[in-house]
file target_16.txt (compact mmCIF, N, CA and C atoms)
# COMPACT_ATOMS: atom_id res chain seq x y z
N MET H 1 -60.56 -247.90 59.11
CA MET H 1 -60.33 -246.69 58.36
C MET H 1 -61.11 -246.78 57.06
N GLU H 2 -61.91 -245.78 56.82
CA GLU H 2 -62.78 -245.78 55.65
C GLU H 2 -62.10 -245.04 54.49
N ASN H 3 -62.19 -245.62 53.32
CA ASN H 3 -61.59 -245.03 52.13
C ASN H 3 -62.68 -244.32 51.33
N ASN H 4 -62.70 -243.00 51.36
CA ASN H 4 -63.69 -242.22 50.62
C ASN H 4 -63.06 -241.71 49.33
N VAL H 5 -63.21 -242.47 48.29
CA VAL H 5 -62.68 -242.08 46.99
C VAL H 5 -63.84 -241.77 46.07
N THR H 6 -63.83 -240.58 45.53
CA THR H 6 -64.85 -240.21 44.56
C THR H 6 -64.33 -240.53 43.17
N LYS H 7 -65.11 -241.28 42.42
CA LYS H 7 -64.71 -241.60 41.06
C LYS H 7 -65.23 -240.52 40.13
N VAL H 8 -64.35 -240.02 39.31
CA VAL H 8 -64.71 -238.98 38.36
C VAL H 8 -64.88 -239.63 37.00
N ASN H 9 -65.97 -239.29 36.33
CA ASN H 9 -66.24 -239.83 35.01
C ASN H 9 -65.72 -238.84 33.96
N PHE H 10 -64.56 -239.11 33.43
CA PHE H 10 -64.00 -238.25 32.40
C PHE H 10 -64.52 -238.71 31.05
N GLN H 11 -65.16 -237.80 30.35
CA GLN H 11 -65.64 -238.13 29.02
C GLN H 11 -64.48 -238.02 28.04
N GLU H 12 -64.56 -238.81 27.00
CA GLU H 12 -63.55 -238.72 25.95
C GLU H 12 -63.63 -237.34 25.31
N PRO H 13 -62.52 -236.65 25.18
CA PRO H 13 -62.57 -235.33 24.53
C PRO H 13 -62.86 -235.48 23.04
N MET H 14 -63.58 -234.51 22.51
CA MET H 14 -63.85 -234.50 21.07
C MET H 14 -62.67 -233.80 20.40
N ILE H 15 -61.93 -234.53 19.59
CA ILE H 15 -60.74 -234.00 18.94
C ILE H 15 -60.90 -234.10 17.43
N GLN H 16 -60.69 -232.97 16.76
CA GLN H 16 -60.74 -232.94 15.30
C GLN H 16 -59.45 -232.33 14.77
N THR H 17 -58.96 -232.88 13.69
CA THR H 17 -57.77 -232.35 13.04
C THR H 17 -58.18 -231.33 11.98
N VAL H 18 -57.49 -230.21 11.96
CA VAL H 18 -57.74 -229.17 10.97
C VAL H 18 -56.82 -229.39 9.78
N GLU H 19 -57.43 -229.42 8.61
CA GLU H 19 -56.66 -229.55 7.37
C GLU H 19 -57.32 -228.66 6.33
N THR H 20 -56.59 -227.67 5.83
CA THR H 20 -57.15 -226.73 4.87
C THR H 20 -56.10 -226.32 3.84
N THR H 21 -56.56 -226.00 2.65
CA THR H 21 -55.66 -225.47 1.62
C THR H 21 -55.49 -223.97 1.76
N GLU H 22 -56.23 -223.36 2.71
CA GLU H 22 -56.16 -221.91 2.95
C GLU H 22 -54.91 -221.52 3.75
N ALA H 23 -54.18 -222.52 4.22
CA ALA H 23 -52.94 -222.31 4.96
C ALA H 23 -51.92 -223.34 4.45
N PRO H 24 -50.64 -223.07 4.65
CA PRO H 24 -49.63 -224.01 4.16
C PRO H 24 -49.73 -225.37 4.83
N LYS H 25 -49.38 -226.40 4.07
CA LYS H 25 -49.29 -227.73 4.64
C LYS H 25 -48.15 -227.75 5.66
N ALA H 26 -48.26 -228.63 6.62
CA ALA H 26 -47.21 -228.78 7.63
C ALA H 26 -45.90 -229.17 6.95
N ILE H 27 -44.81 -228.61 7.43
CA ILE H 27 -43.49 -228.94 6.86
C ILE H 27 -42.71 -229.86 7.80
N GLY H 28 -43.40 -230.44 8.75
CA GLY H 28 -42.78 -231.36 9.70
C GLY H 28 -43.83 -232.31 10.24
N PRO H 29 -43.51 -233.03 11.29
CA PRO H 29 -44.44 -234.01 11.86
C PRO H 29 -45.47 -233.37 12.79
N TYR H 30 -46.35 -232.58 12.21
CA TYR H 30 -47.41 -231.91 12.97
C TYR H 30 -48.56 -231.63 12.02
N VAL H 31 -49.67 -231.14 12.56
CA VAL H 31 -50.84 -230.78 11.76
C VAL H 31 -51.06 -229.27 11.86
N GLN H 32 -51.92 -228.74 10.99
CA GLN H 32 -52.20 -227.30 11.02
C GLN H 32 -52.87 -226.88 12.31
N GLY H 33 -53.67 -227.76 12.86
CA GLY H 33 -54.32 -227.44 14.12
C GLY H 33 -55.17 -228.60 14.61
N LYS H 34 -55.60 -228.48 15.85
CA LYS H 34 -56.51 -229.44 16.47
C LYS H 34 -57.61 -228.65 17.17
N VAL H 35 -58.84 -229.12 17.01
CA VAL H 35 -59.96 -228.59 17.77
C VAL H 35 -60.26 -229.61 18.85
N VAL H 36 -60.18 -229.16 20.10
CA VAL H 36 -60.43 -230.03 21.25
C VAL H 36 -61.47 -229.37 22.13
N ASN H 37 -62.61 -230.02 22.25
CA ASN H 37 -63.69 -229.52 23.12
C ASN H 37 -63.97 -228.03 22.91
N GLY H 38 -64.10 -227.63 21.65
CA GLY H 38 -64.49 -226.26 21.35
C GLY H 38 -63.38 -225.24 21.33
N MET H 39 -62.13 -225.69 21.42
CA MET H 39 -60.99 -224.78 21.37
C MET H 39 -60.07 -225.20 20.22
N LEU H 40 -59.65 -224.22 19.43
CA LEU H 40 -58.70 -224.46 18.36
C LEU H 40 -57.29 -224.19 18.87
N TYR H 41 -56.42 -225.16 18.70
CA TYR H 41 -55.00 -225.02 19.00
C TYR H 41 -54.27 -225.12 17.66
N ALA H 42 -53.87 -223.97 17.12
CA ALA H 42 -53.26 -223.95 15.79
C ALA H 42 -51.74 -223.96 15.89
N SER H 43 -51.13 -224.75 15.04
CA SER H 43 -49.67 -224.78 14.97
C SER H 43 -49.15 -223.44 14.49
N GLY H 44 -47.91 -223.17 14.80
CA GLY H 44 -47.30 -221.92 14.37
C GLY H 44 -47.27 -221.80 12.86
N GLN H 45 -47.56 -220.60 12.39
CA GLN H 45 -47.53 -220.31 10.96
C GLN H 45 -46.34 -219.41 10.67
N ILE H 46 -45.62 -219.75 9.61
CA ILE H 46 -44.61 -218.85 9.08
C ILE H 46 -45.12 -218.35 7.74
N ALA H 47 -44.35 -217.51 7.07
CA ALA H 47 -44.82 -216.82 5.86
C ALA H 47 -44.69 -217.69 4.61
N LEU H 48 -45.30 -218.86 4.65
CA LEU H 48 -45.29 -219.72 3.47
C LEU H 48 -46.53 -219.46 2.63
N ASP H 49 -46.35 -219.45 1.32
CA ASP H 49 -47.48 -219.37 0.41
C ASP H 49 -48.20 -220.72 0.46
N PRO H 50 -49.52 -220.74 0.71
CA PRO H 50 -50.24 -222.01 0.82
C PRO H 50 -50.17 -222.85 -0.46
N ALA H 51 -50.11 -222.21 -1.62
CA ALA H 51 -50.10 -222.95 -2.88
C ALA H 51 -48.72 -223.53 -3.21
N SER H 52 -47.69 -222.71 -3.06
CA SER H 52 -46.35 -223.14 -3.48
C SER H 52 -45.51 -223.72 -2.34
N GLY H 53 -45.82 -223.35 -1.11
CA GLY H 53 -45.00 -223.78 0.02
C GLY H 53 -43.71 -222.99 0.16
N GLU H 54 -43.55 -221.95 -0.67
CA GLU H 54 -42.34 -221.13 -0.63
C GLU H 54 -42.51 -219.96 0.34
N LEU H 55 -41.40 -219.54 0.94
CA LEU H 55 -41.41 -218.40 1.84
C LEU H 55 -41.73 -217.12 1.06
N VAL H 56 -42.62 -216.31 1.60
CA VAL H 56 -43.08 -215.08 0.95
C VAL H 56 -42.44 -213.87 1.63
N GLY H 57 -41.83 -212.99 0.85
CA GLY H 57 -41.33 -211.72 1.38
C GLY H 57 -39.99 -211.83 2.08
N GLU H 58 -39.30 -210.70 2.07
CA GLU H 58 -38.00 -210.62 2.74
C GLU H 58 -38.02 -209.66 3.92
N THR H 59 -39.11 -208.90 4.06
CA THR H 59 -39.20 -207.93 5.16
C THR H 59 -40.14 -208.44 6.23
N ILE H 60 -39.99 -207.90 7.43
CA ILE H 60 -40.89 -208.29 8.52
C ILE H 60 -42.33 -207.93 8.17
N GLU H 61 -42.54 -206.82 7.47
CA GLU H 61 -43.90 -206.42 7.11
C GLU H 61 -44.54 -207.44 6.17
N ASP H 62 -43.84 -207.79 5.10
CA ASP H 62 -44.39 -208.76 4.14
C ASP H 62 -44.64 -210.11 4.79
N GLN H 63 -43.68 -210.56 5.60
CA GLN H 63 -43.84 -211.87 6.23
C GLN H 63 -44.96 -211.86 7.27
N THR H 64 -45.09 -210.77 8.02
CA THR H 64 -46.16 -210.70 9.02
C THR H 64 -47.53 -210.76 8.36
N TYR H 65 -47.72 -210.02 7.27
CA TYR H 65 -48.99 -210.10 6.54
C TYR H 65 -49.29 -211.53 6.12
N GLN H 66 -48.30 -212.22 5.55
CA GLN H 66 -48.54 -213.59 5.09
C GLN H 66 -48.82 -214.53 6.25
N VAL H 67 -48.06 -214.40 7.32
CA VAL H 67 -48.28 -215.25 8.50
C VAL H 67 -49.72 -215.09 9.00
N LEU H 68 -50.18 -213.85 9.12
CA LEU H 68 -51.51 -213.63 9.67
C LEU H 68 -52.61 -214.00 8.68
N ARG H 69 -52.33 -213.94 7.38
CA ARG H 69 -53.28 -214.49 6.40
C ARG H 69 -53.36 -216.00 6.56
N ASN H 70 -52.22 -216.65 6.79
CA ASN H 70 -52.22 -218.10 7.01
C ASN H 70 -53.00 -218.46 8.26
N VAL H 71 -52.81 -217.70 9.33
CA VAL H 71 -53.60 -217.90 10.55
C VAL H 71 -55.08 -217.77 10.23
N GLY H 72 -55.43 -216.76 9.43
CA GLY H 72 -56.82 -216.57 9.02
C GLY H 72 -57.37 -217.75 8.26
N GLY H 73 -56.54 -218.40 7.46
CA GLY H 73 -56.97 -219.59 6.73
C GLY H 73 -57.33 -220.73 7.66
N VAL H 74 -56.55 -220.91 8.71
CA VAL H 74 -56.85 -221.96 9.70
C VAL H 74 -58.13 -221.60 10.45
N LEU H 75 -58.28 -220.33 10.83
CA LEU H 75 -59.50 -219.89 11.51
C LEU H 75 -60.73 -220.12 10.62
N LYS H 76 -60.62 -219.74 9.36
CA LYS H 76 -61.73 -219.90 8.42
C LYS H 76 -62.13 -221.37 8.29
N ALA H 77 -61.15 -222.26 8.32
CA ALA H 77 -61.43 -223.69 8.17
C ALA H 77 -62.33 -224.23 9.27
N VAL H 78 -62.33 -223.58 10.42
CA VAL H 78 -63.18 -224.03 11.53
C VAL H 78 -64.35 -223.08 11.77
N GLY H 79 -64.53 -222.12 10.85
CA GLY H 79 -65.72 -221.27 10.88
C GLY H 79 -65.67 -220.09 11.84
N VAL H 80 -64.48 -219.63 12.18
CA VAL H 80 -64.36 -218.46 13.07
C VAL H 80 -63.41 -217.44 12.44
N ASP H 81 -63.22 -216.32 13.12
CA ASP H 81 -62.29 -215.30 12.62
C ASP H 81 -61.40 -214.82 13.76
N TYR H 82 -60.67 -213.75 13.49
CA TYR H 82 -59.68 -213.25 14.45
C TYR H 82 -60.30 -212.84 15.79
N ASP H 83 -61.58 -212.47 15.80
CA ASP H 83 -62.23 -212.05 17.05
C ASP H 83 -62.33 -213.18 18.07
N GLN H 84 -62.26 -214.43 17.62
CA GLN H 84 -62.36 -215.57 18.53
C GLN H 84 -60.99 -216.03 19.06
N VAL H 85 -59.92 -215.39 18.61
CA VAL H 85 -58.59 -215.75 19.09
C VAL H 85 -58.42 -215.22 20.50
N VAL H 86 -58.05 -216.11 21.43
CA VAL H 86 -57.90 -215.71 22.83
C VAL H 86 -56.43 -215.64 23.27
N LYS H 87 -55.53 -216.27 22.50
CA LYS H 87 -54.11 -216.27 22.88
C LYS H 87 -53.26 -216.44 21.64
N THR H 88 -52.22 -215.64 21.54
CA THR H 88 -51.22 -215.84 20.50
C THR H 88 -49.85 -215.96 21.14
N THR H 89 -49.00 -216.72 20.48
CA THR H 89 -47.59 -216.75 20.83
C THR H 89 -46.84 -216.37 19.57
N CYS H 90 -46.05 -215.33 19.66
CA CYS H 90 -45.35 -214.77 18.50
C CYS H 90 -43.85 -214.93 18.70
N PHE H 91 -43.19 -215.36 17.65
CA PHE H 91 -41.75 -215.57 17.68
C PHE H 91 -41.11 -214.65 16.63
N LEU H 92 -40.20 -213.80 17.06
CA LEU H 92 -39.51 -212.89 16.15
C LEU H 92 -38.03 -213.24 16.11
N LYS H 93 -37.50 -213.34 14.90
CA LYS H 93 -36.07 -213.60 14.75
C LYS H 93 -35.26 -212.40 15.21
N ASN H 94 -35.81 -211.20 15.02
CA ASN H 94 -35.13 -209.97 15.44
C ASN H 94 -36.09 -209.13 16.27
N MET H 95 -35.79 -208.95 17.53
CA MET H 95 -36.67 -208.13 18.37
C MET H 95 -36.68 -206.66 17.92
N SER H 96 -35.72 -206.28 17.10
CA SER H 96 -35.75 -204.92 16.53
C SER H 96 -36.93 -204.75 15.57
N ASP H 97 -37.56 -205.86 15.16
CA ASP H 97 -38.75 -205.82 14.30
C ASP H 97 -40.05 -205.69 15.09
N PHE H 98 -39.95 -205.60 16.41
CA PHE H 98 -41.12 -205.61 17.29
C PHE H 98 -42.15 -204.54 16.92
N THR H 99 -41.72 -203.31 16.71
CA THR H 99 -42.66 -202.22 16.41
C THR H 99 -43.34 -202.43 15.06
N ALA H 100 -42.58 -202.77 14.04
CA ALA H 100 -43.17 -203.01 12.71
C ALA H 100 -44.12 -204.20 12.75
N PHE H 101 -43.74 -205.25 13.45
CA PHE H 101 -44.61 -206.42 13.61
C PHE H 101 -45.92 -206.01 14.28
N ASN H 102 -45.82 -205.25 15.37
CA ASN H 102 -47.02 -204.85 16.11
C ASN H 102 -47.99 -204.02 15.28
N GLN H 103 -47.48 -203.16 14.42
CA GLN H 103 -48.36 -202.33 13.59
C GLN H 103 -49.24 -203.19 12.68
N ILE H 104 -48.67 -204.21 12.09
CA ILE H 104 -49.44 -205.08 11.21
C ILE H 104 -50.31 -206.03 12.02
N TYR H 105 -49.75 -206.61 13.06
CA TYR H 105 -50.49 -207.52 13.94
C TYR H 105 -51.77 -206.85 14.43
N GLU H 106 -51.65 -205.62 14.89
CA GLU H 106 -52.80 -204.90 15.45
C GLU H 106 -53.91 -204.73 14.43
N SER H 107 -53.58 -204.59 13.16
CA SER H 107 -54.61 -204.40 12.13
C SER H 107 -55.45 -205.66 11.92
N PHE H 108 -54.95 -206.81 12.30
CA PHE H 108 -55.71 -208.05 12.18
C PHE H 108 -56.59 -208.29 13.41
N PHE H 109 -56.23 -207.70 14.52
CA PHE H 109 -56.97 -207.87 15.77
C PHE H 109 -57.54 -206.52 16.20
N ASP H 110 -58.35 -205.92 15.33
CA ASP H 110 -58.85 -204.56 15.60
C ASP H 110 -60.04 -204.53 16.55
N ASN H 111 -60.82 -205.59 16.65
CA ASN H 111 -61.98 -205.60 17.56
C ASN H 111 -61.63 -206.15 18.94
N GLU H 112 -61.14 -207.36 18.97
CA GLU H 112 -60.80 -208.03 20.23
C GLU H 112 -59.32 -208.39 20.22
N LYS H 113 -58.58 -207.83 21.13
CA LYS H 113 -57.16 -208.17 21.24
C LYS H 113 -57.02 -209.42 22.12
N PRO H 114 -56.28 -210.42 21.63
CA PRO H 114 -56.05 -211.61 22.45
C PRO H 114 -54.93 -211.37 23.46
N SER H 115 -54.82 -212.25 24.43
CA SER H 115 -53.62 -212.23 25.27
C SER H 115 -52.47 -212.71 24.38
N ARG H 116 -51.24 -212.39 24.78
CA ARG H 116 -50.14 -212.66 23.87
C ARG H 116 -48.81 -212.77 24.60
N SER H 117 -47.96 -213.61 24.06
CA SER H 117 -46.54 -213.64 24.40
C SER H 117 -45.79 -213.38 23.11
N CYS H 118 -44.70 -212.64 23.19
CA CYS H 118 -43.86 -212.38 22.02
C CYS H 118 -42.42 -212.53 22.45
N VAL H 119 -41.72 -213.45 21.82
CA VAL H 119 -40.35 -213.75 22.24
C VAL H 119 -39.40 -213.69 21.05
N GLY H 120 -38.18 -213.31 21.35
CA GLY H 120 -37.13 -213.33 20.34
C GLY H 120 -36.49 -214.70 20.31
N VAL H 121 -36.20 -215.18 19.11
CA VAL H 121 -35.60 -216.51 18.94
C VAL H 121 -34.39 -216.40 18.01
N ALA H 122 -33.51 -217.37 18.10
CA ALA H 122 -32.30 -217.35 17.27
C ALA H 122 -32.60 -217.66 15.81
N ASN H 123 -33.49 -218.61 15.57
CA ASN H 123 -33.82 -219.04 14.21
C ASN H 123 -35.23 -219.57 14.15
N LEU H 124 -35.79 -219.55 12.95
CA LEU H 124 -37.11 -220.12 12.68
C LEU H 124 -36.99 -221.00 11.43
N PRO H 125 -37.93 -221.93 11.24
CA PRO H 125 -37.88 -222.78 10.05
C PRO H 125 -37.81 -221.95 8.77
N LYS H 126 -37.07 -222.45 7.80
CA LYS H 126 -36.92 -221.81 6.48
C LYS H 126 -36.35 -220.40 6.57
N ASP H 127 -35.69 -220.10 7.69
CA ASP H 127 -35.09 -218.78 7.94
C ASP H 127 -36.13 -217.66 7.93
N ALA H 128 -37.35 -217.99 8.34
CA ALA H 128 -38.43 -217.00 8.44
C ALA H 128 -38.08 -215.96 9.50
N LEU H 129 -38.72 -214.80 9.39
CA LEU H 129 -38.50 -213.72 10.35
C LEU H 129 -39.51 -213.73 11.49
N VAL H 130 -40.65 -214.40 11.28
CA VAL H 130 -41.74 -214.37 12.27
C VAL H 130 -42.54 -215.66 12.19
N GLU H 131 -43.05 -216.08 13.34
CA GLU H 131 -43.96 -217.22 13.43
C GLU H 131 -45.02 -216.87 14.47
N VAL H 132 -46.27 -217.25 14.20
CA VAL H 132 -47.37 -216.99 15.13
C VAL H 132 -48.21 -218.25 15.28
N GLU H 133 -48.45 -218.63 16.54
CA GLU H 133 -49.39 -219.71 16.83
C GLU H 133 -50.54 -219.12 17.63
N ILE H 134 -51.70 -219.77 17.55
CA ILE H 134 -52.89 -219.21 18.20
C ILE H 134 -53.70 -220.27 18.93
N VAL H 135 -54.51 -219.79 19.86
CA VAL H 135 -55.58 -220.56 20.49
C VAL H 135 -56.84 -219.74 20.30
N ALA H 136 -57.92 -220.39 19.84
CA ALA H 136 -59.17 -219.67 19.59
C ALA H 136 -60.36 -220.48 20.07
N VAL H 137 -61.43 -219.78 20.41
CA VAL H 137 -62.69 -220.41 20.81
C VAL H 137 -63.47 -220.73 19.53
N VAL H 138 -63.91 -221.97 19.41
CA VAL H 138 -64.66 -222.39 18.23
C VAL H 138 -66.14 -222.45 18.53
N GLU H 139 -66.50 -222.90 19.72
CA GLU H 139 -67.93 -223.03 20.07
C GLU H 139 -68.36 -221.91 20.98
call {"tool": "encode", "arguments": {"input": "target_16.txt", "output": "C-alpha cells"}}
result
Amino acid sequence: MENNVTKVNFQEPMIQTVETTEAPKAIGPYVQGKVVNGMLYASGQIALDPASGELVGETIEDQTYQVLRNVGGVLKAVGVDYDQVVKTTCFLKNMSDFTAFNQIYESFFDNEKPSRSCVGVANLPKDALVEVEIVAVVE
C-alpha cells in the first residue's frame, strides 16, 4: 500500500500589531488591532476619548460618532480608510437604538458598505451603548 502524502509548505504569516494614539488604548488584555497577511483585524471600539480614556457622550448618536472616529484612527494607523472595511460586527446595548445607530454608521460608509452583523447585548465595557469591531483590507 502506497502512502501518497503531499507536504504543504506553509509560510510564516506576517503579523504586525497596531498601536496608535488616534484610538483609545486597550482597556484589557488585547491590542488595538493586528495586521495579518494584508488584512486588519481591529478590536472592538467603544466611545472612549483617545486622550483621556473617558467615555464620551450619553446618547447613542454621540457614542456612535466617537466609536466610528476611533475605528477611523485604527484605519489611519495602517494607511487605509473606511472604504477598505469589508466586515463590521456591531454590538448595541439597546436594539431600540438600531435606527439612530444606522443613520450615523451609514454616513461613515458612504462609498463602500461592508458586510455586517449587528447584535443586541446585555452590557458593554464601561457601560457603553455601542461597540464596533472591523476587518479591513490593507494591501
call {"tool": "residues_around", "arguments": {"input": "target_16.txt", "residues": "Ile15 of chain H", "least_positions_apart": "4", "cutoff": "7 Å", "atoms": "all atoms listed in the file", "output": "list of chain:residue names"}}
result
H:Lys34, H:Val35, H:Val36, H:Asn37
call {"tool": "write_last_selection", "arguments": {"input": "target_16.txt", "atoms": "N, CA and C atoms", "output": "mmCIF file, in the coordinates of the input"}}
result
data_model
loop_
_atom_site.group_PDB
_atom_site.id
_atom_site.type_symbol
_atom_site.label_atom_id
_atom_site.label_comp_id
_atom_site.auth_asym_id
_atom_site.auth_seq_id
_atom_site.Cartn_x
_atom_site.Cartn_y
_atom_site.Cartn_z
ATOM 1 N N LYS H 34 -55.600 -228.480 15.850
ATOM 2 C CA LYS H 34 -56.510 -229.440 16.470
ATOM 3 C C LYS H 34 -57.610 -228.650 17.170
ATOM 4 N N VAL H 35 -58.840 -229.120 17.010
ATOM 5 C CA VAL H 35 -59.960 -228.590 17.770
ATOM 6 C C VAL H 35 -60.260 -229.610 18.850
ATOM 7 N N VAL H 36 -60.180 -229.160 20.100
ATOM 8 C CA VAL H 36 -60.430 -230.030 21.250
ATOM 9 C C VAL H 36 -61.470 -229.370 22.130
ATOM 10 N N ASN H 37 -62.610 -230.020 22.250
ATOM 11 C CA ASN H 37 -63.690 -229.520 23.120
ATOM 12 C C ASN H 37 -63.970 -228.030 22.910
#
call {"tool": "residues_around", "arguments": {"input": "target_16.txt", "residues": "segment 85-94 of chain H", "least_positions_apart": "4", "cutoff": "6.5 Å", "atoms": "all atoms listed in the file", "output": "PyMOL selection string"}}
result
chain H and resi 81+98+113-124+128-137
call {"tool": "closest_residue", "arguments": {"input": "target_16.txt", "among": "H:Ala42, H:Ile60, H:Leu68, H:Ala77", "to": "Thr21 of chain H", "atoms": "all atoms listed in the file"}}
result
H:Ala77
call {"tool": "atom_distance", "arguments": {"input": "target_16.txt", "atom1": "atom N of Ile104 of chain H", "atom2": "atom C of Lys126 of chain H"}}
result
21.1 Å
call {"tool": "closest_residue", "arguments": {"input": "target_16.txt", "among": "H:Pro13, H:Glu139, H:Pro24, H:Ser96", "to": "Gly73 of chain H", "atoms": "only N, CA and C atoms"}}
result
H:Pro24
call {"tool": "closest_residue", "arguments": {"input": "target_16.txt", "among": "H:Ser52, H:Val80, H:Gly44, H:Asp62", "to": "Asp97 of chain H", "atoms": "only C-alpha atoms"}}
result
H:Asp62
call {"tool": "atom_distance", "arguments": {"input": "target_16.txt", "atom1": "atom N of Glu19 of chain H", "atom2": "atom N of Tyr41 of chain H"}}
result
11.0 Å
